[in-house]
file entry-v6.cif (mmCIF, N, CA and C atoms and all ligand atoms)
data_model
#
loop_
_atom_site.label_atom_id
_atom_site.label_comp_id
_atom_site.auth_asym_id
_atom_site.auth_seq_id
_atom_site.Cartn_x
_atom_site.Cartn_y
_atom_site.Cartn_z
N MET A 1 8.09 10.13 -11.44
CA MET A 1 7.17 10.32 -10.33
C MET A 1 7.41 11.67 -9.65
N ILE A 2 6.37 12.24 -9.17
CA ILE A 2 6.49 13.51 -8.47
C ILE A 2 6.27 13.23 -7.00
N GLY A 3 7.21 13.60 -6.15
CA GLY A 3 7.12 13.23 -4.75
C GLY A 3 7.04 14.42 -3.82
N PHE A 4 6.14 15.30 -4.10
CA PHE A 4 6.13 16.52 -3.29
C PHE A 4 5.15 16.46 -2.14
N TRP A 5 4.39 15.37 -2.03
CA TRP A 5 3.51 15.25 -0.88
C TRP A 5 4.31 14.78 0.31
N ARG A 6 4.38 15.54 1.33
CA ARG A 6 5.20 15.15 2.47
C ARG A 6 4.35 14.46 3.54
N THR A 7 3.10 14.75 3.58
CA THR A 7 2.25 14.17 4.61
C THR A 7 1.07 13.46 3.95
N CYS A 8 0.32 12.80 4.76
CA CYS A 8 -0.87 12.12 4.25
C CYS A 8 -2.13 12.91 4.57
N ASN A 9 -1.97 14.12 5.02
CA ASN A 9 -3.15 14.92 5.31
C ASN A 9 -3.76 15.43 4.02
N MET A 10 -5.05 15.28 3.91
CA MET A 10 -5.72 15.82 2.74
C MET A 10 -5.83 17.32 2.89
N ALA A 11 -5.72 18.00 1.79
CA ALA A 11 -5.99 19.42 1.79
C ALA A 11 -7.45 19.61 1.40
N PHE A 12 -8.04 20.68 1.89
CA PHE A 12 -9.42 20.96 1.50
C PHE A 12 -9.43 22.08 0.46
N PHE A 13 -10.22 21.89 -0.59
CA PHE A 13 -10.45 22.94 -1.57
C PHE A 13 -11.92 22.90 -1.97
N ASP A 14 -12.52 24.06 -2.11
CA ASP A 14 -13.89 24.11 -2.60
C ASP A 14 -13.96 23.60 -4.03
N ASP A 15 -15.07 22.95 -4.35
CA ASP A 15 -15.27 22.50 -5.72
C ASP A 15 -15.23 23.67 -6.68
N LEU A 16 -14.60 23.44 -7.82
CA LEU A 16 -14.53 24.37 -8.95
C LEU A 16 -13.68 25.61 -8.66
N THR A 17 -12.82 25.52 -7.64
CA THR A 17 -11.82 26.58 -7.45
C THR A 17 -10.57 26.19 -8.24
N PRO A 18 -9.74 27.18 -8.61
CA PRO A 18 -8.53 26.86 -9.38
C PRO A 18 -7.60 25.92 -8.60
N HIS A 19 -7.11 24.91 -9.29
CA HIS A 19 -6.25 23.90 -8.65
C HIS A 19 -4.81 24.40 -8.62
N THR A 20 -4.28 24.53 -7.40
CA THR A 20 -2.91 25.02 -7.25
C THR A 20 -2.07 24.07 -6.42
N TYR A 21 -2.64 22.93 -6.06
CA TYR A 21 -2.01 22.01 -5.11
C TYR A 21 -0.89 21.21 -5.75
N SER A 22 -0.99 20.99 -7.03
CA SER A 22 0.02 20.20 -7.74
C SER A 22 0.14 20.77 -9.16
N PRO A 23 1.16 20.34 -9.90
CA PRO A 23 1.43 20.97 -11.20
C PRO A 23 0.23 20.96 -12.14
N ALA A 24 0.02 22.07 -12.80
CA ALA A 24 -1.11 22.17 -13.72
C ALA A 24 -0.65 22.48 -15.14
N CYS A 25 0.67 22.54 -15.34
CA CYS A 25 1.22 22.73 -16.70
C CYS A 25 0.59 23.92 -17.41
N ASP A 26 0.35 24.99 -16.70
CA ASP A 26 -0.20 26.22 -17.28
C ASP A 26 -1.60 26.05 -17.86
N LEU A 27 -2.26 24.97 -17.51
CA LEU A 27 -3.64 24.80 -17.94
C LEU A 27 -4.56 25.26 -16.83
N ASP A 28 -5.78 25.57 -17.19
CA ASP A 28 -6.78 25.89 -16.17
C ASP A 28 -7.35 24.59 -15.64
N VAL A 29 -7.05 24.31 -14.39
CA VAL A 29 -7.50 23.07 -13.76
C VAL A 29 -8.34 23.44 -12.54
N LEU A 30 -9.48 22.79 -12.40
CA LEU A 30 -10.39 23.11 -11.30
C LEU A 30 -10.44 21.95 -10.31
N ASN A 31 -10.56 22.29 -9.04
CA ASN A 31 -10.66 21.27 -7.98
C ASN A 31 -12.05 20.65 -7.92
N VAL A 32 -12.07 19.35 -7.69
CA VAL A 32 -13.33 18.65 -7.39
C VAL A 32 -13.03 17.55 -6.37
N GLY A 33 -13.84 17.50 -5.34
CA GLY A 33 -13.77 16.36 -4.42
C GLY A 33 -12.67 16.40 -3.38
N TRP A 34 -12.14 17.58 -3.10
CA TRP A 34 -11.10 17.69 -2.06
C TRP A 34 -11.80 17.98 -0.74
N LEU A 35 -12.48 16.97 -0.23
CA LEU A 35 -13.28 17.13 0.98
C LEU A 35 -12.42 16.95 2.22
N ASP A 36 -12.82 17.55 3.29
CA ASP A 36 -12.09 17.33 4.54
C ASP A 36 -12.93 17.79 5.72
N GLU A 37 -12.38 17.54 6.87
CA GLU A 37 -13.01 17.84 8.14
C GLU A 37 -13.55 19.28 8.19
N GLY A 38 -14.75 19.41 8.71
CA GLY A 38 -15.27 20.73 9.01
C GLY A 38 -15.82 21.49 7.82
N HIS A 39 -15.89 20.83 6.65
CA HIS A 39 -16.42 21.50 5.47
C HIS A 39 -17.60 20.70 4.92
N ALA A 40 -18.73 21.34 4.79
CA ALA A 40 -19.90 20.66 4.24
C ALA A 40 -19.66 20.35 2.77
N PHE A 41 -20.29 19.29 2.28
CA PHE A 41 -20.18 18.98 0.86
C PHE A 41 -21.54 18.58 0.31
N ALA A 42 -21.70 18.74 -0.99
CA ALA A 42 -22.98 18.44 -1.64
C ALA A 42 -23.23 16.94 -1.58
N VAL A 43 -24.46 16.59 -1.30
CA VAL A 43 -24.84 15.18 -1.20
C VAL A 43 -26.00 14.93 -2.15
N GLY A 44 -26.00 13.77 -2.78
CA GLY A 44 -27.12 13.42 -3.65
C GLY A 44 -26.81 12.15 -4.42
N ARG A 45 -27.84 11.62 -5.03
CA ARG A 45 -27.66 10.39 -5.81
C ARG A 45 -26.85 10.68 -7.06
N THR A 46 -26.02 9.72 -7.42
CA THR A 46 -25.32 9.79 -8.70
C THR A 46 -25.56 8.48 -9.43
N SER A 47 -25.47 8.54 -10.74
CA SER A 47 -25.83 7.36 -11.54
C SER A 47 -24.75 6.29 -11.43
N ARG A 48 -25.20 5.07 -11.66
CA ARG A 48 -24.28 3.94 -11.68
C ARG A 48 -23.25 4.12 -12.81
N ARG A 49 -23.73 4.68 -13.91
CA ARG A 49 -22.84 4.91 -15.05
C ARG A 49 -21.69 5.83 -14.65
N PHE A 50 -22.03 6.88 -13.92
CA PHE A 50 -21.00 7.81 -13.44
C PHE A 50 -20.04 7.10 -12.48
N GLN A 51 -20.60 6.35 -11.54
CA GLN A 51 -19.75 5.69 -10.54
C GLN A 51 -18.80 4.69 -11.18
N GLU A 52 -19.29 3.98 -12.19
CA GLU A 52 -18.43 3.00 -12.86
C GLU A 52 -17.33 3.70 -13.65
N ALA A 53 -17.68 4.80 -14.31
CA ALA A 53 -16.68 5.56 -15.06
C ALA A 53 -15.63 6.16 -14.11
N LEU A 54 -16.12 6.61 -12.96
CA LEU A 54 -15.22 7.20 -11.97
C LEU A 54 -14.26 6.14 -11.43
N LEU A 55 -14.77 4.96 -11.17
CA LEU A 55 -13.91 3.88 -10.67
C LEU A 55 -12.82 3.55 -11.69
N ARG A 56 -13.19 3.49 -12.95
CA ARG A 56 -12.18 3.18 -13.99
C ARG A 56 -11.07 4.23 -13.98
N LEU A 57 -11.44 5.48 -13.82
CA LEU A 57 -10.43 6.54 -13.77
C LEU A 57 -9.55 6.40 -12.53
N CYS A 58 -10.19 6.10 -11.40
CA CYS A 58 -9.45 6.03 -10.14
C CYS A 58 -8.52 4.82 -10.08
N GLU A 59 -8.77 3.86 -10.95
CA GLU A 59 -7.87 2.70 -11.00
C GLU A 59 -6.59 3.02 -11.76
N HIS A 60 -6.56 4.19 -12.40
CA HIS A 60 -5.36 4.59 -13.14
C HIS A 60 -5.00 6.03 -12.78
N PRO A 61 -4.64 6.23 -11.52
CA PRO A 61 -4.38 7.61 -11.09
C PRO A 61 -3.06 8.15 -11.63
N ILE A 62 -2.95 9.45 -11.60
CA ILE A 62 -1.69 10.11 -11.94
C ILE A 62 -1.18 10.79 -10.67
N ILE A 63 0.04 11.30 -10.75
CA ILE A 63 0.66 11.99 -9.62
C ILE A 63 0.52 11.16 -8.35
N ARG A 64 0.91 9.89 -8.46
CA ARG A 64 0.88 9.03 -7.28
C ARG A 64 1.97 9.47 -6.34
N HIS A 65 1.75 9.25 -5.08
CA HIS A 65 2.74 9.68 -4.10
C HIS A 65 2.82 8.68 -2.98
N ARG A 66 3.82 8.83 -2.17
CA ARG A 66 4.03 7.89 -1.07
C ARG A 66 2.89 7.97 -0.07
N GLY A 67 2.67 6.87 0.59
CA GLY A 67 1.60 6.86 1.57
C GLY A 67 0.27 7.00 0.88
N ARG A 68 -0.75 7.23 1.66
CA ARG A 68 -2.03 7.47 1.01
C ARG A 68 -2.89 8.32 1.92
N HIS A 69 -3.78 9.02 1.27
CA HIS A 69 -4.73 9.82 2.02
C HIS A 69 -5.73 8.91 2.70
N THR A 70 -6.20 9.33 3.84
CA THR A 70 -7.24 8.57 4.50
C THR A 70 -8.50 9.43 4.56
N CYS A 71 -9.61 8.74 4.71
CA CYS A 71 -10.89 9.44 4.70
C CYS A 71 -11.21 9.95 6.10
N TRP A 72 -11.29 11.25 6.24
CA TRP A 72 -11.59 11.82 7.55
C TRP A 72 -12.96 11.37 8.05
N PHE A 73 -13.89 11.24 7.12
CA PHE A 73 -15.27 10.95 7.51
C PHE A 73 -15.44 9.52 8.03
N CYS A 74 -14.48 8.66 7.76
CA CYS A 74 -14.55 7.29 8.27
C CYS A 74 -13.85 7.14 9.61
N ARG A 75 -13.11 8.14 10.03
CA ARG A 75 -12.38 8.02 11.29
C ARG A 75 -13.36 7.92 12.44
N GLY A 76 -13.04 7.05 13.37
CA GLY A 76 -13.91 6.89 14.52
C GLY A 76 -15.07 5.95 14.27
N ARG A 77 -15.18 5.47 13.05
CA ARG A 77 -16.22 4.49 12.74
C ARG A 77 -15.56 3.12 12.66
N PRO A 78 -16.38 2.09 12.68
CA PRO A 78 -15.80 0.77 12.44
C PRO A 78 -15.02 0.82 11.12
N ARG A 79 -13.84 0.24 11.13
CA ARG A 79 -12.97 0.36 9.96
C ARG A 79 -13.62 -0.22 8.72
N LYS A 80 -13.60 0.56 7.68
CA LYS A 80 -14.12 0.07 6.40
C LYS A 80 -12.95 -0.45 5.59
N VAL A 81 -13.23 -1.42 4.78
CA VAL A 81 -12.20 -1.92 3.88
C VAL A 81 -12.11 -0.96 2.70
N ILE A 82 -10.93 -0.43 2.51
CA ILE A 82 -10.72 0.43 1.35
C ILE A 82 -9.73 -0.28 0.45
N THR A 83 -10.19 -0.75 -0.68
CA THR A 83 -9.31 -1.48 -1.58
C THR A 83 -8.34 -0.50 -2.24
N PRO A 84 -7.25 -1.01 -2.80
CA PRO A 84 -6.26 -0.08 -3.38
C PRO A 84 -6.88 0.92 -4.35
N SER A 85 -7.83 0.46 -5.15
CA SER A 85 -8.39 1.38 -6.14
C SER A 85 -9.25 2.46 -5.51
N HIS A 86 -9.60 2.27 -4.26
CA HIS A 86 -10.42 3.27 -3.58
C HIS A 86 -9.57 4.17 -2.70
N ALA A 87 -8.31 3.85 -2.56
CA ALA A 87 -7.46 4.60 -1.63
C ALA A 87 -7.02 5.92 -2.26
N GLY A 88 -6.69 6.83 -1.40
CA GLY A 88 -6.36 8.16 -1.88
C GLY A 88 -4.87 8.36 -2.05
N ASN A 89 -4.27 7.71 -3.02
CA ASN A 89 -2.84 7.90 -3.18
C ASN A 89 -2.50 8.51 -4.53
N GLY A 90 -3.41 9.23 -5.09
CA GLY A 90 -3.14 9.87 -6.37
C GLY A 90 -4.29 10.77 -6.75
N GLN A 91 -4.28 11.16 -8.01
CA GLN A 91 -5.32 12.04 -8.53
C GLN A 91 -5.81 11.52 -9.85
N ILE A 92 -6.99 11.97 -10.22
CA ILE A 92 -7.45 11.79 -11.59
C ILE A 92 -7.64 13.18 -12.19
N ARG A 93 -7.51 13.24 -13.50
CA ARG A 93 -7.76 14.50 -14.20
C ARG A 93 -8.59 14.19 -15.43
N VAL A 94 -9.59 14.99 -15.64
CA VAL A 94 -10.42 14.82 -16.84
C VAL A 94 -10.68 16.17 -17.48
N LEU A 95 -10.81 16.15 -18.78
CA LEU A 95 -11.08 17.36 -19.56
C LEU A 95 -12.52 17.31 -20.05
N SER A 96 -13.25 18.38 -19.79
CA SER A 96 -14.66 18.44 -20.19
C SER A 96 -14.81 19.04 -21.58
N LYS A 97 -16.02 18.88 -22.11
CA LYS A 97 -16.33 19.50 -23.39
C LYS A 97 -16.18 21.01 -23.33
N LYS A 98 -16.43 21.57 -22.15
CA LYS A 98 -16.31 23.02 -21.98
C LYS A 98 -14.86 23.49 -22.03
N GLY A 99 -13.93 22.55 -21.97
CA GLY A 99 -12.52 22.92 -22.03
C GLY A 99 -11.88 23.06 -20.66
N ASN A 100 -12.59 22.66 -19.62
CA ASN A 100 -12.02 22.71 -18.27
C ASN A 100 -11.42 21.36 -17.91
N TRP A 101 -10.23 21.44 -17.31
CA TRP A 101 -9.66 20.25 -16.66
C TRP A 101 -10.14 20.22 -15.22
N TYR A 102 -10.38 19.03 -14.71
CA TYR A 102 -10.73 18.86 -13.30
C TYR A 102 -9.70 17.95 -12.65
N ALA A 103 -9.29 18.31 -11.44
CA ALA A 103 -8.37 17.48 -10.66
C ALA A 103 -9.11 17.00 -9.42
N ALA A 104 -9.15 15.69 -9.24
CA ALA A 104 -9.82 15.11 -8.06
C ALA A 104 -8.91 14.07 -7.44
N PRO A 105 -8.91 13.98 -6.10
CA PRO A 105 -8.15 12.90 -5.46
C PRO A 105 -8.86 11.58 -5.74
N THR A 106 -8.11 10.48 -5.76
CA THR A 106 -8.75 9.19 -6.03
C THR A 106 -9.75 8.82 -4.93
N LEU A 107 -9.62 9.45 -3.77
CA LEU A 107 -10.62 9.21 -2.71
C LEU A 107 -12.02 9.66 -3.13
N VAL A 108 -12.12 10.40 -4.21
CA VAL A 108 -13.43 10.90 -4.63
C VAL A 108 -14.39 9.73 -4.87
N TYR A 109 -13.87 8.61 -5.36
CA TYR A 109 -14.76 7.47 -5.58
C TYR A 109 -15.34 6.96 -4.25
N HIS A 110 -14.50 6.91 -3.25
CA HIS A 110 -14.96 6.52 -1.91
C HIS A 110 -15.99 7.52 -1.38
N TYR A 111 -15.73 8.80 -1.56
CA TYR A 111 -16.68 9.82 -1.09
C TYR A 111 -18.04 9.67 -1.77
N VAL A 112 -18.00 9.41 -3.07
CA VAL A 112 -19.26 9.29 -3.83
C VAL A 112 -20.03 8.04 -3.39
N THR A 113 -19.32 6.92 -3.28
CA THR A 113 -20.02 5.66 -3.03
C THR A 113 -20.29 5.40 -1.56
N GLN A 114 -19.49 5.94 -0.68
CA GLN A 114 -19.65 5.66 0.75
C GLN A 114 -20.29 6.81 1.53
N HIS A 115 -20.14 8.02 1.03
CA HIS A 115 -20.64 9.17 1.79
C HIS A 115 -21.66 10.00 1.02
N GLY A 116 -22.06 9.53 -0.15
CA GLY A 116 -23.12 10.21 -0.89
C GLY A 116 -22.73 11.55 -1.48
N TYR A 117 -21.41 11.77 -1.60
CA TYR A 117 -20.96 13.04 -2.17
C TYR A 117 -21.42 13.16 -3.62
N ARG A 118 -21.97 14.31 -3.95
CA ARG A 118 -22.38 14.55 -5.34
C ARG A 118 -21.53 15.68 -5.91
N PRO A 119 -20.60 15.33 -6.81
CA PRO A 119 -19.73 16.37 -7.41
C PRO A 119 -20.54 17.27 -8.34
N PRO A 120 -19.97 18.41 -8.74
CA PRO A 120 -20.65 19.30 -9.67
C PRO A 120 -21.02 18.57 -10.96
N ALA A 121 -22.15 18.97 -11.54
CA ALA A 121 -22.67 18.30 -12.74
C ALA A 121 -21.65 18.31 -13.87
N GLU A 122 -20.90 19.39 -14.01
CA GLU A 122 -19.96 19.46 -15.14
C GLU A 122 -18.84 18.42 -14.98
N PHE A 123 -18.49 18.10 -13.74
CA PHE A 123 -17.48 17.06 -13.50
C PHE A 123 -18.08 15.69 -13.83
N ILE A 124 -19.30 15.47 -13.42
CA ILE A 124 -19.96 14.19 -13.70
C ILE A 124 -20.01 13.95 -15.21
N GLU A 125 -20.39 15.00 -15.95
CA GLU A 125 -20.42 14.88 -17.42
C GLU A 125 -19.05 14.55 -17.97
N ALA A 126 -18.04 15.22 -17.45
CA ALA A 126 -16.68 15.01 -17.96
C ALA A 126 -16.18 13.60 -17.67
N VAL A 127 -16.55 13.06 -16.51
CA VAL A 127 -16.11 11.70 -16.16
C VAL A 127 -16.78 10.68 -17.06
N ILE A 128 -18.06 10.90 -17.35
CA ILE A 128 -18.79 9.95 -18.20
C ILE A 128 -18.30 10.02 -19.64
N ALA A 129 -18.01 11.22 -20.11
CA ALA A 129 -17.57 11.39 -21.50
C ALA A 129 -16.39 12.35 -21.57
N PRO A 130 -15.23 11.92 -21.07
CA PRO A 130 -14.08 12.84 -21.06
C PRO A 130 -13.54 13.09 -22.47
N ILE A 131 -13.11 14.31 -22.69
CA ILE A 131 -12.42 14.62 -23.94
C ILE A 131 -11.00 14.07 -23.85
N ALA A 132 -10.42 14.12 -22.66
CA ALA A 132 -9.10 13.56 -22.41
C ALA A 132 -8.99 13.29 -20.92
N VAL A 133 -8.06 12.43 -20.56
CA VAL A 133 -7.78 12.20 -19.14
C VAL A 133 -6.31 12.51 -18.89
N GLY A 134 -5.94 12.60 -17.61
CA GLY A 134 -4.60 13.03 -17.26
C GLY A 134 -3.50 12.25 -17.95
N ALA A 135 -3.65 10.96 -18.02
CA ALA A 135 -2.61 10.13 -18.63
C ALA A 135 -2.42 10.49 -20.10
N ASP A 136 -3.53 10.82 -20.76
CA ASP A 136 -3.45 11.19 -22.17
C ASP A 136 -2.61 12.43 -22.36
N HIS A 137 -2.66 13.27 -21.34
CA HIS A 137 -1.98 14.54 -21.45
C HIS A 137 -0.50 14.43 -21.12
N GLY A 138 -0.05 13.29 -20.64
CA GLY A 138 1.34 13.15 -20.27
C GLY A 138 1.67 14.00 -19.06
N TRP A 139 0.85 13.84 -18.02
CA TRP A 139 0.93 14.77 -16.91
C TRP A 139 2.24 14.74 -16.16
N PHE A 140 2.96 13.64 -16.28
CA PHE A 140 4.20 13.53 -15.52
C PHE A 140 5.33 14.38 -16.13
N GLU A 141 5.15 14.77 -17.38
CA GLU A 141 6.24 15.48 -18.03
C GLU A 141 5.83 16.89 -18.39
N LYS A 142 6.81 17.75 -18.48
CA LYS A 142 6.52 19.11 -18.91
C LYS A 142 6.21 19.07 -20.41
N PRO A 143 5.31 19.94 -20.85
CA PRO A 143 5.04 20.00 -22.29
C PRO A 143 6.31 20.34 -23.06
N ARG A 144 6.51 19.71 -24.20
CA ARG A 144 7.72 19.99 -24.99
C ARG A 144 7.45 21.01 -26.05
ZN ZN A 201 -14.96 7.41 4.27
#

call {"tool": "encode", "arguments": {"input": "entry-v6.cif", "output": "structure tokens"}}
result
Amino acid sequence: MIGFWRTCNMAFFDDLTPHTYSPACDLDVLNVGWLDEGHAFAVGRTSRRFQEALLRLCEHPIIRHRGRHTCWFCRGRPRKVITPSHAGNGQIRVLSKKGNWYAAPTLVYHYVTQHGYRPPAEFIEAVIAPIAVGADHGWFEKPR
């Protein structure tokens, strides 16, 4: 396990910027879904197929850490039930046909289904038909 998250504050990163927040094993990894206070995000309908594929990925996160991220956008509202699979205590990684890896917090599923967040099309494609996912890559270990 990697335990470098010291706080439960989410970091904000623009979609499709290089991911530097956690180990990338010298691969090109792009950020998706690192939403936070004060930053606008794309909104739009996403397919049920995408949402179901995203949920399956978020149920098997990598780089889990202590505590969990909370959704800034839900603060101050009546408390929503966030089941463990929707909580932000890890990341998912998927590899697209284009050869890009994407890193998203597991809260991305909550953002998509509760706040109408629409991730970049290339991420949606990769989630529906990933070439590989983080677990396949052995993300916890350094390449041998
Ligand atoms: Zn929320």

call {"tool": "residues_near_ligand", "arguments": {"input": "entry-v6.cif", "ligand": "ligand ZN 201 (chain A)", "cutoff": "6.5 Å", "atoms": "all atoms listed in the file", "output": "PDB file with N, CA and C atoms, in the coordinates of the input"}}
result
ATOM      1  N   CYS A  71      -9.610   8.740   4.710  1.00  0.00           N
ATOM      2  CA  CYS A  71     -10.890   9.440   4.700  1.00  0.00           C
ATOM      3  C   CYS A  71     -11.210   9.950   6.100  1.00  0.00           C
ATOM      4  N   TRP A  72     -11.290  11.250   6.240  1.00  0.00           N
ATOM      5  CA  TRP A  72     -11.590  11.820   7.550  1.00  0.00           C
ATOM      6  C   TRP A  72     -12.960  11.370   8.050  1.00  0.00           C
ATOM      7  N   PHE A  73     -13.890  11.240   7.120  1.00  0.00           N
ATOM      8  CA  PHE A  73     -15.270  10.950   7.510  1.00  0.00           C
ATOM      9  C   PHE A  73     -15.440   9.520   8.030  1.00  0.00           C
ATOM     10  N   CYS A  74     -14.480   8.660   7.760  1.00  0.00           N
ATOM     11  CA  CYS A  74     -14.550   7.290   8.270  1.00  0.00           C
ATOM     12  C   CYS A  74     -13.850   7.140   9.610  1.00  0.00           C
ATOM     13  N   ARG A  75     -13.110   8.140  10.030  1.00  0.00           N
ATOM     14  CA  ARG A  75     -12.380   8.020  11.290  1.00  0.00           C
ATOM     15  C   ARG A  75     -13.360   7.920  12.440  1.00  0.00           C
ATOM     16  N   HIS A 110     -14.500   6.910  -3.250  1.00  0.00           N
ATOM     17  CA  HIS A 110     -14.960   6.520  -1.910  1.00  0.00           C
ATOM     18  C   HIS A 110     -15.990   7.520  -1.380  1.00  0.00           C
ATOM     19  N   TYR A 111     -15.730   8.800  -1.560  1.00  0.00           N
ATOM     20  CA  TYR A 111     -16.680   9.820  -1.090  1.00  0.00           C
ATOM     21  C   TYR A 111     -18.040   9.670  -1.770  1.00  0.00           C
ATOM     22  N   GLN A 114     -19.490   5.940  -0.680  1.00  0.00           N
ATOM     23  CA  GLN A 114     -19.650   5.660   0.750  1.00  0.00           C
ATOM     24  C   GLN A 114     -20.290   6.810   1.530  1.00  0.00           C
ATOM     25  N   HIS A 115     -20.140   8.020   1.030  1.00  0.00           N
ATOM     26  CA  HIS A 115     -20.640   9.170   1.790  1.00  0.00           C
ATOM     27  C   HIS A 115     -21.660  10.000   1.020  1.00  0.00           C
TER      28      HIS A 115
END

call {"tool": "atom_distance", "arguments": {"input": "entry-v6.cif", "atom1": "atom C of A:Arg45", "atom2": "atom N of A:Gln91"}}
result
22.6 Å

call {"tool": "residues_around", "arguments": {"input": "entry-v6.cif", "residues": "A:Ala103", "least_positions_apart": "2", "cutoff": "6.5 Å", "atoms": "all atoms listed in the file", "output": "list of chain:residue names"}}
result
A:Val29, A:Leu30, A:Asn31, A:Val32, A:Gly33, A:Gln91, A:Ile92, A:Arg93, A:Val94, A:Trp101, A:Pro105

call {"tool": "residues_around", "arguments": {"input": "entry-v6.cif", "residues": "stretch 37-43 of chain A", "least_positions_apart": "2", "cutoff": "5 Å", "atoms": "all atoms listed in the file", "output": "number ranges by chain"}}
result
A: 35, 45, 116-118

call {"tool": "atom_distance", "arguments": {"input": "entry-v6.cif", "atom1": "atom N of A:Pro23", "atom2": "atom N of A:Ser47"}}
result
29.1 Å

call {"tool": "axis_aligned_box", "arguments": {"input": "entry-v6.cif", "around": "stretch 113-117 of chain A", "padding_each_side": "4 Å", "output": "JSON"}}
result
{"center_x": -21.2, "center_y": 9.3, "center_z": -0.9, "size_x": 11.8, "size_y": 15.8, "size_z": 13.4}

call {"tool": "atom_distance", "arguments": {"input": "entry-v6.cif", "atom1": "atom CA of A:Thr20", "atom2": "atom C of A:Thr46"}}
result
28.1 Å

call {"tool": "residues_near_point", "arguments": {"input": "entry-v6.cif", "point": "(-20.0, 16.6, -10.5)", "cutoff": "10 Å", "atoms": "only C-alpha atoms", "output": "list in words"}}
result
Asp15, Leu16, Val32, Gly33, Ala42, Thr46, Phe50, Tyr102, Val112, Tyr117, Arg118, Pro119, Pro120, Ala121, Glu122, Phe123, Ile124, Glu125, Ala126 and Val127 of chain A

call {"tool": "select_by_dssp", "arguments": {"input": "entry-v6.cif", "residues": "stretch 86-139 of chain A", "states": "alpha helix (DSSP H)", "output": "CSV table (one decimal) with N, CA and C atoms, in the coordinates of the input"}}
result
chain,number,residue,atom,x,y,z
A,107,LEU,N,-9.6,9.4,-3.8
A,107,LEU,CA,-10.6,9.2,-2.7
A,107,LEU,C,-12.0,9.7,-3.1
A,108,VAL,N,-12.1,10.4,-4.2
A,108,VAL,CA,-13.4,10.9,-4.6
A,108,VAL,C,-14.4,9.7,-4.9
A,109,TYR,N,-13.9,8.6,-5.4
A,109,TYR,CA,-14.8,7.5,-5.6
A,109,TYR,C,-15.3,7.0,-4.2
A,110,HIS,N,-14.5,6.9,-3.2
A,110,HIS,CA,-15.0,6.5,-1.9
A,110,HIS,C,-16.0,7.5,-1.4
A,111,TYR,N,-15.7,8.8,-1.6
A,111,TYR,CA,-16.7,9.8,-1.1
A,111,TYR,C,-18.0,9.7,-1.8
A,112,VAL,N,-18.0,9.4,-3.1
A,112,VAL,CA,-19.3,9.3,-3.8
A,112,VAL,C,-20.0,8.0,-3.4
A,113,THR,N,-19.3,6.9,-3.3
A,113,THR,CA,-20.0,5.7,-3.0
A,113,THR,C,-20.3,5.4,-1.6
A,114,GLN,N,-19.5,5.9,-0.7
A,114,GLN,CA,-19.6,5.7,0.8
A,114,GLN,C,-20.3,6.8,1.5
A,115,HIS,N,-20.1,8.0,1.0
A,115,HIS,CA,-20.6,9.2,1.8
A,115,HIS,C,-21.7,10.0,1.0
A,121,ALA,N,-22.2,19.0,-11.5
A,121,ALA,CA,-22.7,18.3,-12.7
A,121,ALA,C,-21.6,18.3,-13.9
A,122,GLU,N,-20.9,19.4,-14.0
A,122,GLU,CA,-20.0,19.5,-15.1
A,122,GLU,C,-18.8,18.4,-15.0
A,123,PHE,N,-18.5,18.1,-13.7
A,123,PHE,CA,-17.5,17.1,-13.5
A,123,PHE,C,-18.1,15.7,-13.8
A,124,ILE,N,-19.3,15.5,-13.4
A,124,ILE,CA,-20.0,14.2,-13.7
A,124,ILE,C,-20.0,14.0,-15.2
A,125,GLU,N,-20.4,15.0,-16.0
A,125,GLU,CA,-20.4,14.9,-17.4
A,125,GLU,C,-19.0,14.6,-18.0
A,126,ALA,N,-18.0,15.2,-17.4
A,126,ALA,CA,-16.7,15.0,-18.0
A,126,ALA,C,-16.2,13.6,-17.7
A,127,VAL,N,-16.6,13.1,-16.5
A,127,VAL,CA,-16.1,11.7,-16.2
A,127,VAL,C,-16.8,10.7,-17.1
A,128,ILE,N,-18.1,10.9,-17.4
A,128,ILE,CA,-18.8,10.0,-18.2
A,128,ILE,C,-18.3,10.0,-19.6
A,134,GLY,N,-5.9,12.6,-17.6
A,134,GLY,CA,-4.6,13.0,-17.3
A,134,GLY,C,-3.5,12.2,-18.0
A,135,ALA,N,-3.6,11.0,-18.0
A,135,ALA,CA,-2.6,10.1,-18.6
A,135,ALA,C,-2.4,10.5,-20.1
A,136,ASP,N,-3.5,10.8,-20.8
A,136,ASP,CA,-3.4,11.2,-22.2
A,136,ASP,C,-2.6,12.4,-22.4
A,137,HIS,N,-2.7,13.3,-21.3
A,137,HIS,CA,-2.0,14.5,-21.4
A,137,HIS,C,-0.5,14.4,-21.1

call {"tool": "residues_around", "arguments": {"input": "entry-v6.cif", "residues": "A:Cys58", "least_positions_apart": "2", "cutoff": "9 Å", "atoms": "only C-alpha atoms", "output": "PyMOL selection string"}}
result
chain A and resi 53-56+60-62+85-87+90-92+105-109

call {"tool": "closest_residue", "arguments": {"input": "entry-v6.cif", "among": "A:Asp14, A:Asp26, A:Trp34, A:Tyr21", "to": "A:Ala104", "atoms": "only C-alpha atoms"}}
result
A:Trp34
